[in-house]
>>> print(open('upload_23.json').read())   # JSON, C-alpha atoms
[["chain", "number", "residue", "atom", "x", "y", "z"],
["L", 1, "MET", "CA", 4.29, -0.35, -47.43],
["L", 2, "LYS", "CA", 6.97, -2.61, -45.99],
["L", 3, "HIS", "CA", 6.57, -1.35, -42.39],
["L", 4, "VAL", "CA", 3.52, -0.85, -40.22],
["L", 5, "SER", "CA", 5.33, 2.08, -38.55],
["L", 6, "ILE", "CA", 7.96, 4.56, -39.66],
["L", 7, "PHE", "CA", 10.97, 4.90, -37.39],
["L", 8, "VAL", "CA", 12.85, 8.20, -37.45],
["L", 9, "ARG", "CA", 16.17, 8.81, -35.74],
["L", 10, "ALA", "CA", 16.89, 12.32, -34.48],
["L", 11, "ASP", "CA", 20.51, 13.09, -33.61],
["L", 12, "TRP", "CA", 21.99, 16.27, -32.23],
["L", 13, "ASP", "CA", 24.61, 17.83, -34.51],
["L", 14, "ASP", "CA", 26.77, 19.76, -32.06],
["L", 15, "GLU", "CA", 28.75, 21.50, -34.79],
["L", 16, "ALA", "CA", 25.64, 22.79, -36.61],
["L", 17, "GLY", "CA", 23.60, 23.28, -33.42],
["L", 18, "VAL", "CA", 20.55, 21.45, -34.78],
["L", 19, "TRP", "CA", 18.66, 18.18, -34.49],
["L", 20, "VAL", "CA", 18.85, 16.11, -37.68],
["L", 21, "ALA", "CA", 16.13, 13.56, -38.47],
["L", 22, "THR", "CA", 16.64, 10.67, -40.91],
["L", 23, "SER", "CA", 14.97, 7.31, -41.52],
["L", 24, "ASN", "CA", 15.74, 4.05, -43.24],
["L", 25, "ASP", "CA", 12.01, 3.47, -43.64],
["L", 26, "ILE", "CA", 11.29, 6.32, -46.07],
["L", 27, "ASP", "CA", 13.60, 7.49, -48.83],
["L", 28, "GLY", "CA", 14.61, 11.14, -48.86],
["L", 29, "LEU", "CA", 13.88, 12.09, -45.26],
["L", 30, "ALA", "CA", 16.40, 14.63, -44.02],
["L", 31, "VAL", "CA", 15.01, 17.34, -41.74],
["L", 32, "GLU", "CA", 16.72, 19.61, -39.25],
["L", 33, "ALA", "CA", 15.60, 22.04, -36.55],
["L", 34, "GLU", "CA", 17.01, 23.80, -33.51],
["L", 35, "THR", "CA", 14.71, 21.99, -31.04],
["L", 36, "LEU", "CA", 12.86, 18.68, -30.89],
["L", 37, "GLU", "CA", 9.60, 20.61, -30.50],
["L", 38, "VAL", "CA", 10.18, 22.29, -33.85],
["L", 39, "LEU", "CA", 11.60, 19.15, -35.46],
["L", 40, "SER", "CA", 8.59, 16.90, -34.85],
["L", 41, "PRO", "CA", 5.98, 18.74, -36.97],
["L", 42, "LYS", "CA", 8.58, 19.28, -39.71],
["L", 43, "VAL", "CA", 9.28, 15.53, -39.77],
["L", 44, "LEU", "CA", 5.58, 14.67, -39.99],
["L", 45, "ALA", "CA", 5.00, 17.15, -42.82],
["L", 46, "ALA", "CA", 8.02, 15.83, -44.74],
["L", 47, "ILE", "CA", 6.90, 12.21, -44.29],
["L", 48, "SER", "CA", 3.43, 13.07, -45.53],
["L", 49, "ASP", "CA", 4.95, 14.60, -48.68],
["L", 50, "LEU", "CA", 7.44, 11.74, -49.15],
["L", 51, "LEU", "CA", 4.74, 9.07, -48.86],
["L", 52, "GLU", "CA", 3.00, 10.65, -51.82],
["L", 53, "LEU", "CA", 6.17, 11.42, -53.80],
["L", 54, "ASN", "CA", 7.55, 7.90, -53.30],
["L", 55, "GLY", "CA", 4.20, 6.31, -54.21],
["L", 56, "ILE", "CA", 3.96, 4.51, -50.86],
["L", 57, "SER", "CA", 0.53, 3.18, -49.97],
["L", 58, "SER", "CA", -0.82, 1.70, -46.76],
["L", 59, "ASP", "CA", -4.05, 0.13, -45.57],
["L", 60, "LEU", "CA", -3.84, 2.17, -42.36],
["L", 61, "ALA", "CA", -5.87, 5.36, -41.90],
["L", 62, "GLU", "CA", -2.93, 6.80, -39.94],
["L", 63, "ILE", "CA", 0.66, 5.59, -40.12],
["L", 64, "PRO", "CA", 2.51, 5.63, -36.77],
["L", 65, "VAL", "CA", 5.76, 7.60, -36.76],
["L", 66, "HIS", "CA", 8.26, 6.93, -33.98],
["L", 67, "ILE", "CA", 10.75, 9.77, -33.51],
["L", 68, "MET", "CA", 13.67, 8.55, -31.42],
["L", 69, "ALA", "CA", 16.08, 11.16, -30.14],
["L", 70, "GLU", "CA", 19.50, 10.69, -28.68],
["L", 71, "GLN", "CA", 21.79, 13.36, -27.36],
["L", 72, "LEU", "CA", 25.14, 12.91, -25.66],
["L", 73, "ALA", "CA", 25.72, 15.17, -22.69],
["L", 74, "ARG", "CA", 28.66, 15.32, -20.31],
["L", 75, "VAL", "CA", 29.11, 16.45, -16.72],
["L", 76, "PRO", "CA", 32.42, 17.36, -15.13],
["L", 77, "ASN", "CA", 34.00, 14.64, -13.02],
["L", 78, "PRO", "CA", 34.38, 16.14, -9.52],
["L", 79, "ASN", "CA", 37.24, 13.72, -8.80],
["L", 80, "PHE", "CA", 39.29, 14.66, -11.82]]
>>> encode(input="upload_23.json", output="structure tokens")
Amino acid sequence: MKHVSIFVRADWDDEAGVWVATSNDIDGLAVEAETLEVLSPKVLAAISDLLELNGISSDLAEIPVHIMAEQLARVPNPNF
């Protein structure tokens, strides 16, 4: 495995109303869910499957997965 950890980016898709998780560290990861709480276990299950499907091996008993979320929010400008 080329990385000690797997980094996953979760972005809010305002149009679809879901969080979308992707990663450059594991081929084929594309998961979506309405909340981050629902997204996280789906991401972990998909990564587990993709590690096996992609033939990725590691010397670690558990591979750390970092799920980084970013959401843009706006507040009205009271001086506008």
>>> residues_around(input="upload_23.json", residues="Leu50 in chain L", least_positions_apart="5", cutoff="8 Å", atoms="all atoms listed in the file", output="list in words")
Ile26, Asp27, Gly28 and Leu29 of chain L
>>> closest_residue(input="upload_23.json", among="L:Glu34, L:Asp49, L:Ser58, L:Pro64", to="Asp14 in chain L", atoms="all atoms listed in the file")
L:Glu34
>>> residues_around(input="upload_23.json", residues="range 72-77 of chain L", least_positions_apart="5", cutoff="12 Å", atoms="all atoms listed in the file", output="list in words")
Asp11, Trp12, Asp13 and Asp14 of chain L
>>> atom_distance(input="upload_23.json", atom1="CA of Ile56 in chain L", atom2="CA of Glu70 in chain L")
27.8 Å
>>> closest_residue(input="upload_23.json", among="L:Ile6, L:Leu36, L:Leu51, L:Val31", to="Gln71 in chain L", atoms="all atoms listed in the file")
L:Leu36
>>> atom_distance(input="upload_23.json", atom1="CA of Asp59 in chain L", atom2="CA of Ala10 in chain L")
26.6 Å
>>> atom_distance(input="upload_23.json", atom1="CA of Glu62 in chain L", atom2="CA of Val18 in chain L")
28.2 Å
>>> build_atoms(input="upload_23.json", residues="range 16-52 of chain L", atoms="N, CA and C atoms", output="short mmCIF file (atom, residue, chain, number, x, y, z; two decimals), in the coordinates of the input")
data_model
loop_
_atom_site.label_atom_id
_atom_site.label_comp_id
_atom_site.auth_asym_id
_atom_site.auth_seq_id
_atom_site.Cartn_x
_atom_site.Cartn_y
_atom_site.Cartn_z
N ALA L 16 26.65 21.94 -35.95
CA ALA L 16 25.64 22.79 -36.61
C ALA L 16 24.64 23.38 -35.62
N GLY L 17 24.55 22.79 -34.42
CA GLY L 17 23.60 23.28 -33.42
C GLY L 17 22.16 22.98 -33.77
N VAL L 18 21.91 21.83 -34.39
CA VAL L 18 20.55 21.45 -34.78
C VAL L 18 20.33 19.95 -34.57
N TRP L 19 19.06 19.58 -34.45
CA TRP L 19 18.66 18.18 -34.49
C TRP L 19 18.49 17.79 -35.95
N VAL L 20 18.97 16.61 -36.32
CA VAL L 20 18.85 16.11 -37.68
C VAL L 20 18.07 14.79 -37.65
N ALA L 21 16.98 14.74 -38.42
CA ALA L 21 16.13 13.56 -38.47
C ALA L 21 16.30 12.84 -39.80
N THR L 22 16.52 11.52 -39.72
CA THR L 22 16.64 10.67 -40.91
C THR L 22 15.90 9.36 -40.62
N SER L 23 15.65 8.59 -41.68
CA SER L 23 14.97 7.31 -41.52
C SER L 23 15.37 6.35 -42.62
N ASN L 24 15.52 5.10 -42.25
CA ASN L 24 15.74 4.05 -43.24
C ASN L 24 14.42 3.56 -43.83
N ASP L 25 13.32 3.97 -43.22
CA ASP L 25 12.01 3.47 -43.64
C ASP L 25 11.36 4.28 -44.76
N ILE L 26 11.87 5.49 -45.00
CA ILE L 26 11.29 6.32 -46.07
C ILE L 26 12.41 7.08 -46.77
N ASP L 27 12.53 6.87 -48.06
CA ASP L 27 13.60 7.49 -48.83
C ASP L 27 13.46 9.00 -48.87
N GLY L 28 14.58 9.69 -48.69
CA GLY L 28 14.61 11.14 -48.86
C GLY L 28 14.37 11.95 -47.62
N LEU L 29 14.15 11.31 -46.47
CA LEU L 29 13.88 12.09 -45.26
C LEU L 29 15.18 12.64 -44.68
N ALA L 30 15.28 13.93 -44.64
CA ALA L 30 16.40 14.63 -44.02
C ALA L 30 15.88 15.99 -43.58
N VAL L 31 15.62 16.12 -42.29
CA VAL L 31 15.01 17.34 -41.74
C VAL L 31 15.86 17.79 -40.57
N GLU L 32 15.99 19.10 -40.40
CA GLU L 32 16.72 19.61 -39.25
C GLU L 32 15.97 20.77 -38.61
N ALA L 33 16.21 20.94 -37.30
CA ALA L 33 15.60 22.04 -36.55
C ALA L 33 16.41 22.27 -35.28
N GLU L 34 16.23 23.44 -34.70
CA GLU L 34 17.01 23.80 -33.51
C GLU L 34 16.52 23.11 -32.24
N THR L 35 15.24 22.69 -32.21
CA THR L 35 14.71 21.99 -31.04
C THR L 35 13.89 20.78 -31.49
N LEU L 36 13.69 19.84 -30.58
CA LEU L 36 12.86 18.68 -30.89
C LEU L 36 11.41 19.10 -31.09
N GLU L 37 10.97 20.12 -30.37
CA GLU L 37 9.60 20.61 -30.50
C GLU L 37 9.34 21.15 -31.90
N VAL L 38 10.31 21.77 -32.49
CA VAL L 38 10.18 22.29 -33.85
C VAL L 38 10.41 21.17 -34.87
N LEU L 39 11.27 20.24 -34.54
CA LEU L 39 11.60 19.15 -35.46
C LEU L 39 10.41 18.24 -35.73
N SER L 40 9.67 17.88 -34.71
CA SER L 40 8.59 16.90 -34.85
C SER L 40 7.56 17.26 -35.92
N PRO L 41 6.95 18.45 -35.91
CA PRO L 41 5.98 18.74 -36.97
C PRO L 41 6.62 18.83 -38.36
N LYS L 42 7.89 19.24 -38.42
CA LYS L 42 8.58 19.28 -39.71
C LYS L 42 8.77 17.86 -40.26
N VAL L 43 9.10 16.93 -39.37
CA VAL L 43 9.28 15.53 -39.77
C VAL L 43 7.96 14.97 -40.30
N LEU L 44 6.87 15.20 -39.57
CA LEU L 44 5.58 14.67 -39.99
C LEU L 44 5.13 15.24 -41.33
N ALA L 45 5.36 16.53 -41.54
CA ALA L 45 5.00 17.15 -42.82
C ALA L 45 5.84 16.57 -43.96
N ALA L 46 7.14 16.38 -43.71
CA ALA L 46 8.02 15.83 -44.74
C ALA L 46 7.63 14.39 -45.07
N ILE L 47 7.31 13.60 -44.05
CA ILE L 47 6.90 12.21 -44.29
C ILE L 47 5.62 12.17 -45.10
N SER L 48 4.68 13.02 -44.78
CA SER L 48 3.43 13.07 -45.53
C SER L 48 3.71 13.33 -47.01
N ASP L 49 4.57 14.29 -47.29
CA ASP L 49 4.95 14.60 -48.68
C ASP L 49 5.69 13.43 -49.33
N LEU L 50 6.62 12.82 -48.59
CA LEU L 50 7.44 11.74 -49.15
C LEU L 50 6.62 10.47 -49.42
N LEU L 51 5.61 10.22 -48.60
CA LEU L 51 4.74 9.07 -48.86
C LEU L 51 4.11 9.20 -50.24
N GLU L 52 3.63 10.40 -50.52
CA GLU L 52 3.00 10.65 -51.82
C GLU L 52 4.02 10.64 -52.95
#
